[in-house]
Amino acid sequence: MNKESIQEIINVLNIGGVAFFKSDTMYGLHAKKDNFEAVEKIRQLKGRDAQKPFIILIGDTAQLQKFGVLISKNAQKLINKYWPGKLTLILSNNETTIAFRMPKDKDLQKILKEVGPIVSTSANPSGEKAAGSVDEAKKYFGDAVDIYVDSGNIESAPSTLVDATGEEIKILREGEVKLSPKAANSYNSGMGKTINYVAAAAIFIAIATGVWLNVKEQKSIDHSKLPDKVEQNIGFQRWITNLKNKDMVIEADEFTLKEENEIYNTKWMKVYSIEEEGMREKYEGTIESLQNVKKVVFSPSDRELIDYRPEYRDGYAPNEAHFYGLKEDKIIDARILDCSAHANCYFDRAYFLDNDVFVISEFSRTIDKKDEVSATCSLQETCEYSVKVHVIDLINNKRLVYESKPFQAVMAELLPEL
């Protein structure tokens with residue numbers, strides 16, 4: 001959707017209209033939740049039984065408060081892990097049950113934050129095939145729908161549907177979010193609750209003391225060279241290609257392991273519970289404010305970020321990389337990496353391999369990081385530089401540093417090319 005169509009949808013919904021547009025899973029009919037007439041119009045268009053409720057889409061968890069629903073610990077864990085995303089949760093307010101989903105789609109997020117919660121349902125009369133295009137929807141509803149927004153033909157798996165009205169969660173339909181019965185039982189059982197509690201406590205203690213428990217099986221790899229998962233990653237390949245396009249040829253096999261160390265340090269890291277007063281709002285505000293900011297990259301889940309901007313910001317210096325994100329129910333705020341300003345260091349690129357492992361590349365002079373007494377080299381002088389690739393593994397508390405062969409360069413000429 002473009003800005004114009006998004007604004008048109010917002011206008012239609014705000015005045016009590018019905019809109020046909022693509023949700024995060026499929027095309028659907030939508031209306032503002034607190035507009036009774038618009039919701040009833042959708043029900044009539046579909047010929048839907050009044051006893052069958054619609055799914056409600058929300059823009060953030062604060063919008064749940066409007067419905068007075070009860071959120072169990074197990075439901076909160078699912079929210080923390082899978083929202084925003086294609087997971088629909090059925091919750092209860094002691095009077096009725098309501099199905100909610102927080103979409104990840106950025107256009108839909110804009111609409112929800114402007115309009116508030118909206119009902120969403122497939123675009124079809126009850127018993128008929130769901131419309132997969134504007135043409136199919138118009139055959140069903142004609143001019144009775146106030147706006148149709150065309151996003152092409154849509155094919156998408158449905159959301160995973162979970163009953164979270166009680167202490168035990170129940171998987172009613174498995175869609176794109178894969179929750180096996182075994183995983184559900186791990187949330188539900190008394191032993192599972194104990195294990196989850198102990199694991200969370202262990203993670204917190206590990207962070208606080210600078211030691212993270214090794215909870216993942218280690219793969220046997222040759223640490224002397226860049227790991228295959230780095231070399232084959234699209235982020236690394238794009239970076240290497242970009243350098244070659246700038247007449248700077250660096251091959252993956254040029255990098256050798258220089259050092260391996262732990263990353264957690266109580267001096268560099270702060271940990272907060274998302275349940276602390278005001279922390280959820282602060283976390284969501286920080287994530288939102290850094291969307292689409294240059295040299296800020298997000299994890300695949302969009303719950304963590306790396307801010308490596310070469311400028312002073314929020315207490316971080318240009319030679320410091322900032323990690324910020326949500327792990328389980330803990331917000332981690334960390335100076336995850338720094339480099340030597342004396343060595344003219346510059347963080348060139350960052351990208352995630354998965355939600356727990358990311359890479360940061362650094363250009364700097366070939367002097368020891370702690371060396372502050374060697375002769376300075378201005379950005380206009382020719383000096384010896386190298387590239388360091390930092391592979392940072394949050395789960396296993398490791399930072400592997402791989403360094404290229406040295407080369408001569410003028411940083412003032414090199415930086416604009418990066």
# chains A, B, ... in the order shown; residues from 1 in each chain; ligands from 1
call {"tool": "closest_atom_pairs", "arguments": {"of": "stretch 92-131 of chain A", "to": "stretch 46-69 of chain A", "cutoff": "7 Å", "atoms": "only C-alpha atoms", "output": "tab-separated table"}}
result
residue	atom	partner	partner_atom	distance
A:Ser92	CA	A:Val69	CA	5.2
A:Asn93	CA	A:Val69	CA	4.0
A:Ala99	CA	A:Ile55	CA	4.9
A:Phe100	CA	A:Ile56	CA	4.9
A:Arg101	CA	A:Leu57	CA	5.1
A:Met102	CA	A:Ile58	CA	5.1
A:Gln109	CA	A:Gly59	CA	5.5
A:Leu112	CA	A:Gly59	CA	4.9
A:Lys113	CA	A:Gly59	CA	5.5
A:Gly116	CA	A:Ile58	CA	6.9
A:Pro117	CA	A:Ile58	CA	4.8
A:Ile118	CA	A:Leu57	CA	5.4
A:Val119	CA	A:Ile56	CA	4.5
A:Ser120	CA	A:Ile55	CA	5.5
A:Thr121	CA	A:Phe54	CA	6.2
A:Asn124	CA	A:Lys46	CA	6.1
A:Pro125	CA	A:Lys46	CA	4.0
A:Ser126	CA	A:Lys46	CA	5.4
call {"tool": "residues_around", "arguments": {"residues": "A:Gly166", "least_positions_apart": "5", "cutoff": "10 Å", "atoms": "only C-alpha atoms", "output": "PyMOL selection string"}}
result
chain A and resi 70-75+90-92+188
call {"tool": "residues_around", "arguments": {"residues": "A:Ile42", "least_positions_apart": "4", "cutoff": "8 Å", "atoms": "only C-alpha atoms", "output": "ChimeraX atom specification"}}
result
/A:18,29-31,38,46
call {"tool": "write_last_selection", "arguments": {"atoms": "C-alpha atoms", "output": "PDB file, in the first residue's frame"}}
result
ATOM      1  CA  VAL A  18     -16.073  -0.945   5.716  1.00  0.00           C
ATOM      2  CA  LEU A  29     -13.154  -6.951   5.386  1.00  0.00           C
ATOM      3  CA  HIS A  30     -12.320  -4.481   8.131  1.00  0.00           C
ATOM      4  CA  ALA A  31     -14.144  -2.012  10.346  1.00  0.00           C
ATOM      5  CA  ALA A  38     -19.847  -0.858  10.764  1.00  0.00           C
ATOM      6  CA  LYS A  46     -21.087 -12.161   5.198  1.00  0.00           C
TER       7      LYS A  46
END
call {"tool": "closest_residue", "arguments": {"among": "A:Glu413, A:Leu305, A:Asp354, A:Asn397", "to": "A:Gln380", "atoms": "only C-alpha atoms"}}
result
A:Glu413
call {"tool": "closest_residue", "arguments": {"among": "A:Lys33, A:Lys246, A:Lys3, A:Arg399", "to": "A:Val115", "atoms": "only C-alpha atoms"}}
result
A:Lys33
call {"tool": "select_by_dssp", "arguments": {"residues": "stretch 59-114 of chain A", "states": "strand (DSSP E)", "output": "VMD selection string"}}
result
chain A and resid 87 to 92 97 to 101
call {"tool": "residues_around", "arguments": {"residues": "A:His390", "least_positions_apart": "2", "cutoff": "8 Å", "atoms": "only C-alpha atoms", "output": "MDAnalysis selection string"}}
result
chainID A and resid 359:362 388 392 399:402
call {"tool": "write_last_selection", "arguments": {"atoms": "N, CA and C atoms", "output": "short mmCIF file (atom, residue, chain, number, x, y, z; two decimals), in the first residue's frame"}}
result
data_model
loop_
_atom_site.label_atom_id
_atom_site.label_comp_id
_atom_site.auth_asym_id
_atom_site.auth_seq_id
_atom_site.Cartn_x
_atom_site.Cartn_y
_atom_site.Cartn_z
N VAL A 359 26.61 -9.94 12.99
CA VAL A 359 27.96 -9.63 12.51
C VAL A 359 28.11 -8.13 12.37
N ILE A 360 29.27 -7.61 12.80
CA ILE A 360 29.60 -6.21 12.61
C ILE A 360 30.99 -6.14 11.98
N SER A 361 31.13 -5.41 10.88
CA SER A 361 32.44 -5.26 10.26
C SER A 361 33.04 -3.91 10.63
N GLU A 362 34.35 -3.90 10.81
CA GLU A 362 35.06 -2.70 11.30
C GLU A 362 36.30 -2.44 10.46
N LYS A 388 38.08 -5.93 10.31
CA LYS A 388 37.74 -6.95 11.32
C LYS A 388 36.27 -7.30 11.18
N ILE A 392 29.15 -12.12 16.72
CA ILE A 392 28.70 -12.01 18.12
C ILE A 392 27.55 -12.97 18.35
N ARG A 399 32.33 -13.64 21.32
CA ARG A 399 32.61 -12.75 20.20
C ARG A 399 33.88 -13.24 19.53
N LEU A 400 33.74 -13.67 18.29
CA LEU A 400 34.88 -14.13 17.50
C LEU A 400 35.27 -12.99 16.56
N VAL A 401 36.56 -12.64 16.57
CA VAL A 401 37.04 -11.52 15.77
C VAL A 401 37.97 -12.06 14.67
N TYR A 402 37.56 -11.87 13.43
CA TYR A 402 38.34 -12.31 12.27
C TYR A 402 38.91 -11.07 11.58
#
call {"tool": "residues_around", "arguments": {"residues": "stretch 321-326 of chain A", "least_positions_apart": "2", "cutoff": "8 Å", "atoms": "only C-alpha atoms", "output": "PyMOL selection string"}}
result
chain A and resi 283+303-309+316+318-319+328-338
